[in-house]
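J.: Input structure: start22.cif, which contains mmCIF, C-alpha atoms.
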```cif
data_upload
loop_
_atom_site.group_PDB
_atom_site.id
_atom_site.type_symbol
_atom_site.label_atom_id
_atom_site.label_comp_id
_atom_site.auth_asym_id
_atom_site.auth_seq_id
_atom_site.Cartn_x
_atom_site.Cartn_y
_atom_site.Cartn_z
ATOM 1 C CA MET D 1 122.511 23.398 -22.876
ATOM 2 C CA LYS D 2 126.225 23.266 -22.114
ATOM 3 C CA VAL D 3 127.624 20.387 -20.085
ATOM 4 C CA GLY D 4 128.271 21.040 -16.385
ATOM 5 C CA ARG D 5 127.006 24.592 -16.448
ATOM 6 C CA PHE D 6 126.125 26.150 -13.136
ATOM 7 C CA ASN D 7 122.404 25.725 -12.577
ATOM 8 C CA TRP D 8 121.751 29.355 -11.596
ATOM 9 C CA PRO D 9 117.935 29.371 -11.943
ATOM 10 C CA LEU D 10 117.699 26.699 -9.259
ATOM 11 C CA TRP D 11 119.868 28.559 -6.753
ATOM 12 C CA VAL D 12 118.391 31.971 -7.471
ATOM 13 C CA GLY D 13 114.992 30.337 -7.061
ATOM 14 C CA LEU D 14 116.032 29.055 -3.639
ATOM 15 C CA LEU D 15 117.401 32.453 -2.599
ATOM 16 C CA LEU D 16 114.255 34.227 -3.744
ATOM 17 C CA THR D 17 112.126 31.739 -1.828
ATOM 18 C CA LEU D 18 114.006 32.488 1.383
ATOM 19 C CA ALA D 19 113.992 36.215 0.642
ATOM 20 C CA GLY D 20 110.241 36.093 0.028
ATOM 21 C CA GLY D 21 109.647 34.476 3.409
ATOM 22 C CA PHE D 22 112.018 36.504 5.544
ATOM 23 C CA SER D 23 111.250 39.831 3.916
ATOM 24 C CA PHE D 24 107.679 39.345 5.123
ATOM 25 C CA LEU D 25 108.808 38.997 8.722
ATOM 26 C CA LEU D 26 111.378 41.776 8.519
ATOM 27 C CA VAL D 27 109.752 44.352 6.259
ATOM 28 C CA PHE D 28 106.272 43.741 4.924
ATOM 29 C CA VAL D 29 104.650 42.794 8.201
ATOM 30 C CA TRP D 30 105.170 46.383 9.370
ATOM 31 C CA ILE D 31 103.265 47.867 6.430
ATOM 32 C CA PRO D 32 99.492 47.336 6.763
ATOM 33 C CA ALA D 33 98.951 47.063 2.997
ATOM 34 C CA THR D 34 101.373 44.146 2.683
ATOM 35 C CA ARG D 35 100.622 42.602 6.061
ATOM 36 C CA ASP D 36 96.898 42.202 5.533
ATOM 37 C CA PHE D 37 97.513 40.589 2.178
ATOM 38 C CA PRO D 38 101.147 39.669 1.369
ATOM 39 C CA TRP D 39 100.954 40.339 -2.366
ATOM 40 C CA ALA D 40 104.613 41.399 -2.577
ATOM 41 C CA ASN D 41 105.717 38.104 -1.080
ATOM 42 C CA LEU D 42 103.407 36.082 -3.324
ATOM 43 C CA LEU D 43 104.922 37.894 -6.306
ATOM 44 C CA ILE D 44 108.445 37.020 -5.139
ATOM 45 C CA PHE D 45 107.348 33.396 -4.668
ATOM 46 C CA LEU D 46 105.869 33.332 -8.167
ATOM 47 C CA VAL D 47 109.180 34.436 -9.688
ATOM 48 C CA ALA D 48 110.988 31.933 -7.450
ATOM 49 C CA ALA D 49 108.681 29.117 -8.599
ATOM 50 C CA VAL D 50 109.291 29.918 -12.279
ATOM 51 C CA LEU D 51 113.059 29.901 -11.709
ATOM 52 C CA LEU D 52 112.812 26.650 -9.753
ATOM 53 C CA PHE D 53 110.949 24.975 -12.612
ATOM 54 C CA VAL D 54 113.624 26.116 -15.068
ATOM 55 C CA GLY D 55 116.222 24.877 -12.568
ATOM 56 C CA ILE D 56 114.555 21.477 -12.295
ATOM 57 C CA ARG D 57 114.551 21.087 -16.085
ATOM 58 C CA ARG D 58 118.230 21.997 -16.202
ATOM 59 C CA GLY D 59 119.147 19.760 -13.294
ATOM 60 C CA PHE D 60 117.450 16.780 -14.877
ATOM 61 C CA ALA D 61 118.887 17.413 -18.350
ATOM 62 C CA SER D 62 120.723 14.403 -19.780
ATOM 63 C CA ASP D 63 123.907 16.336 -20.566
ATOM 64 C CA ARG D 64 124.912 17.149 -16.959
ATOM 65 C CA ARG D 65 128.496 16.218 -16.051
ATOM 66 C CA ARG D 66 127.390 14.260 -12.979
ATOM 67 C CA PRO D 67 123.736 13.444 -13.770
ATOM 68 C CA THR D 68 122.932 11.503 -10.579
ATOM 69 C CA LEU D 69 124.348 14.099 -8.210
ATOM 70 C CA SER D 70 122.687 16.851 -10.200
ATOM 71 C CA LYS D 71 119.312 15.122 -9.928
ATOM 72 C CA ILE D 72 119.653 14.619 -6.171
ATOM 73 C CA VAL D 73 120.715 18.210 -5.471
ATOM 74 C CA THR D 74 118.040 19.611 -7.760
ATOM 75 C CA SER D 75 115.345 17.506 -6.114
ATOM 76 C CA LEU D 76 116.385 18.486 -2.596
ATOM 77 C CA VAL D 77 116.611 22.212 -3.350
ATOM 78 C CA ALA D 78 113.297 22.225 -5.206
ATOM 79 C CA LEU D 79 111.562 20.175 -2.528
ATOM 80 C CA PHE D 80 112.821 22.444 0.239
ATOM 81 C CA SER D 81 111.817 25.593 -1.636
ATOM 82 C CA PHE D 82 108.301 24.428 -2.420
ATOM 83 C CA ALA D 83 107.826 23.183 1.151
ATOM 84 C CA PHE D 84 108.942 26.600 2.415
ATOM 85 C CA ILE D 85 106.493 28.408 0.132
ATOM 86 C CA ALA D 86 103.691 26.037 1.162
ATOM 87 C CA LEU D 87 104.444 26.591 4.853
ATOM 88 C CA PHE D 88 104.427 30.357 4.378
ATOM 89 C CA ILE D 89 101.084 30.321 2.579
ATOM 90 C CA PHE D 90 99.671 27.967 5.212
ATOM 91 C CA SER D 91 100.742 30.172 8.125
ATOM 92 C CA VAL D 92 99.515 33.392 6.545
ATOM 93 C CA PHE D 93 96.216 32.200 5.112
ATOM 94 C CA VAL D 94 95.168 29.273 7.269
ATOM 95 C CA PHE D 95 96.915 29.133 10.626
ATOM 96 C CA SER D 96 96.410 32.807 11.452
ATOM 97 C CA ARG D 97 92.650 32.368 11.067
ATOM 98 C CA TRP D 98 92.451 29.733 13.781
ATOM 99 C CA LEU D 99 90.901 32.023 16.328
ATOM 100 C CA PRO D 100 88.152 31.263 18.831
ATOM 101 C CA PRO D 101 84.698 32.674 17.938
ATOM 102 C CA SER D 102 84.358 35.120 20.923
ATOM 103 C CA THR D 103 80.582 35.262 20.647
ATOM 104 C CA GLY D 104 80.365 36.537 24.224
ATOM 105 C CA ALA D 105 82.571 39.571 23.629
ATOM 106 C CA PRO D 106 80.857 42.904 24.425
ATOM 107 C CA HIS D 107 78.801 44.174 21.480
ATOM 108 C CA VAL D 108 78.246 47.756 20.350
ATOM 109 C CA GLY D 109 75.697 49.359 22.684
ATOM 110 C CA GLN D 110 76.522 47.104 25.633
ATOM 111 C CA LYS D 111 78.312 48.245 28.780
ATOM 112 C CA ALA D 112 81.978 47.275 28.791
ATOM 113 C CA PRO D 113 82.699 44.985 31.772
ATOM 114 C CA GLU D 114 84.528 46.781 34.584
ATOM 115 C CA PHE D 115 88.025 45.564 35.468
ATOM 116 C CA THR D 116 90.987 46.291 37.717
ATOM 117 C CA LEU D 117 94.457 45.569 36.338
ATOM 118 C CA LYS D 118 98.018 46.590 37.139
ATOM 119 C CA ASP D 119 99.810 49.042 34.874
ATOM 120 C CA THR D 120 103.564 48.962 34.176
ATOM 121 C CA THR D 121 104.325 50.669 37.493
ATOM 122 C CA GLY D 122 102.318 48.067 39.414
ATOM 123 C CA ARG D 123 99.469 50.511 40.186
ATOM 124 C CA ASP D 124 95.886 49.152 40.098
ATOM 125 C CA VAL D 125 93.861 50.791 37.332
ATOM 126 C CA THR D 126 90.109 50.416 36.753
ATOM 127 C CA LEU D 127 88.158 50.988 33.564
ATOM 128 C CA THR D 128 86.177 53.726 35.361
ATOM 129 C CA GLN D 129 89.431 55.529 36.148
ATOM 130 C CA LEU D 130 90.592 55.246 32.563
ATOM 131 C CA LEU D 131 87.308 56.747 31.359
ATOM 132 C CA SER D 132 87.310 59.642 33.806
ATOM 133 C CA GLU D 133 90.908 60.533 34.715
ATOM 134 C CA PRO D 134 92.111 63.485 32.647
ATOM 135 C CA VAL D 135 94.889 63.095 30.078
ATOM 136 C CA ASP D 136 97.001 66.271 30.111
ATOM 137 C CA GLY D 137 94.209 68.222 31.821
ATOM 138 C CA THR D 138 91.245 67.137 29.698
ATOM 139 C CA PRO D 139 89.110 64.072 30.411
ATOM 140 C CA PRO D 140 89.121 61.584 27.498
ATOM 141 C CA LYS D 141 86.016 61.281 25.336
ATOM 142 C CA SER D 142 86.635 57.586 24.897
ATOM 143 C CA VAL D 143 88.970 54.737 25.776
ATOM 144 C CA LEU D 144 90.359 52.399 23.137
ATOM 145 C CA LEU D 145 90.993 48.971 24.653
ATOM 146 C CA VAL D 146 93.494 47.015 22.589
ATOM 147 C CA PHE D 147 93.833 43.354 23.531
ATOM 148 C CA TYR D 148 96.976 41.797 22.104
ATOM 149 C CA ARG D 149 98.775 38.489 22.168
ATOM 150 C CA GLY D 150 101.749 39.716 24.153
ATOM 151 C CA TYR D 151 105.470 39.625 23.481
ATOM 152 C CA TRP D 152 106.935 36.374 24.682
ATOM 153 C CA MET F 153 99.359 52.821 17.658
ATOM 154 C CA GLU F 154 102.186 55.042 18.880
ATOM 155 C CA LYS F 155 102.394 56.644 15.437
ATOM 156 C CA SER F 156 98.758 57.730 15.556
ATOM 157 C CA ARG F 157 99.065 59.002 19.121
ATOM 158 C CA ASP F 158 98.550 62.633 18.174
ATOM 159 C CA SER F 159 95.469 62.028 16.036
ATOM 160 C CA LEU F 160 93.991 59.770 18.712
ATOM 161 C CA LYS F 161 94.669 62.400 21.348
ATOM 162 C CA ALA F 162 93.074 65.085 19.183
ATOM 163 C CA ALA F 163 89.969 62.900 18.960
ATOM 164 C CA GLY F 164 89.955 62.499 22.756
ATOM 165 C CA VAL F 165 90.831 58.808 22.633
ATOM 166 C CA ARG F 166 92.876 57.253 25.426
ATOM 167 C CA PRO F 167 94.568 54.113 24.072
ATOM 168 C CA VAL F 168 95.033 51.264 26.545
ATOM 169 C CA ALA F 169 96.766 47.985 25.709
ATOM 170 C CA ILE F 170 96.019 44.734 27.575
ATOM 171 C CA SER F 171 97.852 41.398 27.450
ATOM 172 C CA ILE F 172 98.947 38.600 29.777
ATOM 173 C CA ASP F 173 102.473 40.034 29.948
ATOM 174 C CA SER F 174 103.610 41.003 33.450
ATOM 175 C CA PRO F 175 103.982 44.698 34.360
ATOM 176 C CA GLU F 176 107.776 44.237 34.147
ATOM 177 C CA GLU F 177 107.622 42.728 30.652
ATOM 178 C CA SER F 178 105.289 45.488 29.510
ATOM 179 C CA ARG F 179 107.512 48.152 31.067
ATOM 180 C CA ASN F 180 110.508 46.770 29.162
ATOM 181 C CA LEU F 181 108.490 46.676 25.960
ATOM 182 C CA ALA F 182 107.320 50.256 26.456
ATOM 183 C CA GLN F 183 110.868 51.428 27.170
ATOM 184 C CA ASP F 184 112.332 49.584 24.180
ATOM 185 C CA GLN F 185 109.672 50.840 21.796
ATOM 186 C CA GLY F 186 109.127 54.267 23.337
ATOM 187 C CA TYR F 187 105.438 53.598 23.986
ATOM 188 C CA THR F 188 103.669 56.224 26.077
ATOM 189 C CA PHE F 189 100.154 54.765 26.221
ATOM 190 C CA THR F 190 98.872 52.793 29.210
ATOM 191 C CA ILE F 191 99.735 49.092 29.178
ATOM 192 C CA LEU F 192 97.839 46.829 31.569
ATOM 193 C CA SER F 193 98.777 43.367 32.712
ATOM 194 C CA ASP F 194 96.253 40.515 32.932
ATOM 195 C CA PRO F 195 98.588 37.616 33.833
ATOM 196 C CA ASN F 196 95.830 35.077 34.552
ATOM 197 C CA ALA F 197 93.688 36.205 31.598
ATOM 198 C CA GLU F 198 90.788 37.042 33.957
ATOM 199 C CA VAL F 199 89.689 40.195 32.158
ATOM 200 C CA ILE F 200 90.478 38.590 28.815
ATOM 201 C CA ARG F 201 88.064 35.800 29.841
ATOM 202 C CA ARG F 202 85.436 38.313 30.979
ATOM 203 C CA TYR F 203 85.567 39.875 27.517
ATOM 204 C CA ASP F 204 85.434 36.370 25.945
ATOM 205 C CA LEU F 205 88.733 36.867 24.133
ATOM 206 C CA VAL F 206 90.680 33.854 25.357
ATOM 207 C CA HIS F 207 92.764 32.110 22.741
ATOM 208 C CA ALA F 208 93.276 28.939 24.747
ATOM 209 C CA GLY F 209 96.753 27.458 24.761
ATOM 210 C CA ALA F 210 98.065 29.746 22.037
ATOM 211 C CA GLY F 211 100.766 31.351 24.182
ATOM 212 C CA GLU F 212 104.178 30.279 25.347
ATOM 213 C CA SER F 213 104.100 26.717 26.774
ATOM 214 C CA GLY F 214 100.367 26.459 26.172
ATOM 215 C CA LYS F 215 99.307 29.526 28.163
ATOM 216 C CA ASP F 216 95.944 31.144 27.505
ATOM 217 C CA ILE F 217 96.429 34.487 25.783
ATOM 218 C CA ALA F 218 94.178 37.154 24.302
ATOM 219 C CA ARG F 219 93.108 37.008 20.704
ATOM 220 C CA PRO F 220 93.632 40.426 19.122
ATOM 221 C CA ALA F 221 90.602 42.675 19.617
ATOM 222 C CA GLU F 222 89.847 46.377 19.915
ATOM 223 C CA PHE F 223 86.975 48.114 21.727
ATOM 224 C CA LEU F 224 86.132 51.808 21.719
ATOM 225 C CA ILE F 225 84.282 52.739 24.907
ATOM 226 C CA ASP F 226 82.608 56.108 25.515
ATOM 227 C CA SER F 227 82.640 57.992 28.820
ATOM 228 C CA THR F 228 79.441 56.283 30.001
ATOM 229 C CA GLY F 229 81.186 52.911 29.675
ATOM 230 C CA THR F 230 79.217 51.897 26.583
ATOM 231 C CA VAL F 231 80.918 50.047 23.742
ATOM 232 C CA ARG F 232 80.755 52.192 20.597
ATOM 233 C CA TRP F 233 82.913 50.207 18.193
ATOM 234 C CA VAL F 234 84.362 46.696 18.168
ATOM 235 C CA ASN F 235 86.934 45.027 15.985
ATOM 236 C CA LEU F 236 87.297 41.263 16.330
ATOM 237 C CA THR F 237 89.699 40.255 13.609
ATOM 238 C CA GLU F 238 89.226 36.917 11.880
ATOM 239 C CA ASN F 239 92.911 36.728 11.050
ATOM 240 C CA TYR F 240 95.439 37.750 13.648
ATOM 241 C CA MET F 241 97.670 39.229 10.963
ATOM 242 C CA VAL F 242 94.938 41.740 10.120
ATOM 243 C CA ARG F 243 94.473 44.464 12.732
ATOM 244 C CA ALA F 244 92.349 47.572 12.958
ATOM 245 C CA ARG F 245 93.679 50.649 11.175
ATOM 246 C CA PRO F 246 93.915 53.956 13.014
ATOM 247 C CA ASP F 247 91.492 55.587 10.574
ATOM 248 C CA GLN F 248 88.789 53.043 11.458
ATOM 249 C CA VAL F 249 89.189 53.902 15.126
ATOM 250 C CA LEU F 250 89.240 57.624 14.426
ATOM 251 C CA ASP F 251 86.051 57.467 12.358
ATOM 252 C CA ALA F 252 84.301 55.762 15.274
ATOM 253 C CA ALA F 253 85.830 58.169 17.807
ATOM 254 C CA LYS F 254 84.635 61.233 15.931
ATOM 255 C CA SER F 255 81.008 60.149 16.380
ATOM 256 C CA ILE F 256 81.471 60.307 20.163
ATOM 257 C CA LYS F 257 80.740 63.744 21.611
#
```
When written as structure tokens, how does the structure in this file appear?

T.:
Amino acid sequence: MKVGRFNWPLWVGLLLTLAGGFSFLLVFVWIPATRDFPWANLLIFLVAAVLLFVGIRRGFASDRRRPTLSKIVTSLVALFSFAFIALFIFSVFVFSRWLPPSTGAPHVGQKAPEFTLKDTTGRDVTLTQLLSEPVDGTPPKSVLLVFYRGYW
Amino acid sequence: MEKSRDSLKAAGVRPVAISIDSPEESRNLAQDQGYTFTILSDPNAEVIRRYDLVHAGAGESGKDIARPAEFLIDSTGTVRWVNLTENYMVRARPDQVLDAAKSIK
């Protein structure tokens, strides 16, 4: 290995790590196949990890021009990258499963509890209305209630 | 959901979204995203509680919000299909809903 050479595997590894995380939020989360299981991101992280390991070996090589500085920078970049990957995996596979059990939620065959809520125009709407009021002239066969976390 | 609007409509399904967001917040969301389905506001999570879907303290500044869940209800008010995800990243797919909707006459 040549003295003082730019440690590209380390920096490309860092970039790929960040790309792997942010691409999930920006792109893959919108595609069901990659949102339900982020295989594309795990693949990017795998490549990043390989590059980081190569980068660590280079950074700790004895023939660096400034060995101490090289070791410090390498350690920090590698530590940050692996922490980022760990955080990503934790949020996707562990944190997102922390949901309450909801054992009392209506089951198939039960009557759905009636409710009255305001729509976006401030009008009170009941479940009975939703089930019976026509949509474009024809009454709906069914209502799909979608509870979501909200945009805050 | 907006993307599958036509296929849902063809199957006679009226989609309705419910969260703790205020009517104003939901109106802005619908305008920004071009949503045309009904969005209902449950600011104090009363209906969310009635359906046992409270995710306590998971919202902004520790507010109680709804965990993601979908219910298909027929015209008699009976639940015909439920999806309670175990991972909030994983949501129901339109084809799952449509399969259930097609069994409703």

J.: Could you expand the PyMOL selection byres ((chain D) within 8 of (chain F)) into the explicit residues it covers here, written as an MDAnalysis selection string?

T.: chainID D and resid 32 35:36 92 96:100 102:113 115 117:122 128 130:132 135 139:152

J.: Can you find the residues with an atom no farther than 9 Å from (105.5, 29.9, 2.0), counting all atoms listed in the file, and report them as JSON, numbers by chain?

T.: {"D": [17, 18, 20, 21, 41, 42, 45, 81, 82, 83, 84, 85, 86, 87, 88, 89, 90, 91, 92]}

J.: To test your reading of the syntax: which residues would the PyMOL selection byres ((chain D and resi 9-15) around 12) return for the file shown? Reply as a PyMOL selection string.

T.: chain D and resi 5-8+16-23+44-60+70-71+73-85

J.: Convert the current residue selection to file output with C-alpha atoms, as a compact mmCIF listing (two decimals), in the frame of the given file.

T.:
```
# COMPACT_ATOMS: atom_id res chain seq x y z
CA ARG D 5 127.01 24.59 -16.45
CA PHE D 6 126.12 26.15 -13.14
CA ASN D 7 122.40 25.72 -12.58
CA TRP D 8 121.75 29.36 -11.60
CA LEU D 16 114.26 34.23 -3.74
CA THR D 17 112.13 31.74 -1.83
CA LEU D 18 114.01 32.49 1.38
CA ALA D 19 113.99 36.22 0.64
CA GLY D 20 110.24 36.09 0.03
CA GLY D 21 109.65 34.48 3.41
CA PHE D 22 112.02 36.50 5.54
CA SER D 23 111.25 39.83 3.92
CA ILE D 44 108.44 37.02 -5.14
CA PHE D 45 107.35 33.40 -4.67
CA LEU D 46 105.87 33.33 -8.17
CA VAL D 47 109.18 34.44 -9.69
CA ALA D 48 110.99 31.93 -7.45
CA ALA D 49 108.68 29.12 -8.60
CA VAL D 50 109.29 29.92 -12.28
CA LEU D 51 113.06 29.90 -11.71
CA LEU D 52 112.81 26.65 -9.75
CA PHE D 53 110.95 24.98 -12.61
CA VAL D 54 113.62 26.12 -15.07
CA GLY D 55 116.22 24.88 -12.57
CA ILE D 56 114.56 21.48 -12.30
CA ARG D 57 114.55 21.09 -16.08
CA ARG D 58 118.23 22.00 -16.20
CA GLY D 59 119.15 19.76 -13.29
CA PHE D 60 117.45 16.78 -14.88
CA SER D 70 122.69 16.85 -10.20
CA LYS D 71 119.31 15.12 -9.93
CA VAL D 73 120.72 18.21 -5.47
CA THR D 74 118.04 19.61 -7.76
CA SER D 75 115.34 17.51 -6.11
CA LEU D 76 116.38 18.49 -2.60
CA VAL D 77 116.61 22.21 -3.35
CA ALA D 78 113.30 22.22 -5.21
CA LEU D 79 111.56 20.18 -2.53
CA PHE D 80 112.82 22.44 0.24
CA SER D 81 111.82 25.59 -1.64
CA PHE D 82 108.30 24.43 -2.42
CA ALA D 83 107.83 23.18 1.15
CA PHE D 84 108.94 26.60 2.42
CA ILE D 85 106.49 28.41 0.13
```

J.: Go ahead and compute the interatomic distance for CA of Pro134 in chain D and CA of Leu250 in chain F, in Å to one decimal.

T.: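 Interatomic distance, CA of Pro134 in chain D to CA of Leu250 in chain F: 19.4 Å.
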
J.: Quick one, how far is CA of Pro246 in chain F from CA of Gly186 in chain F?

T.: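 Rounded to one decimal, the two atoms are 18.4 Å apart.
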
J.: Figure out the distance between CA of Phe189 in chain F and CA of Thr138 in chain D, please, to one decimal in Å.

T.: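 Between these atoms lies a distance of 15.6 Å.
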
J.: Which centre and which edge lengths, in Å to one decimal, describe the axis-aligned box that holds all listed atoms of range 55-74 of chain D after 8 Å is added on each side, as AutoDock Vina command-line options?

T.:
```
--center_x 121.5 --center_y 18.2 --center_z -13.0 --size_x 29.9 --size_y 29.4 --size_z 31.1
```
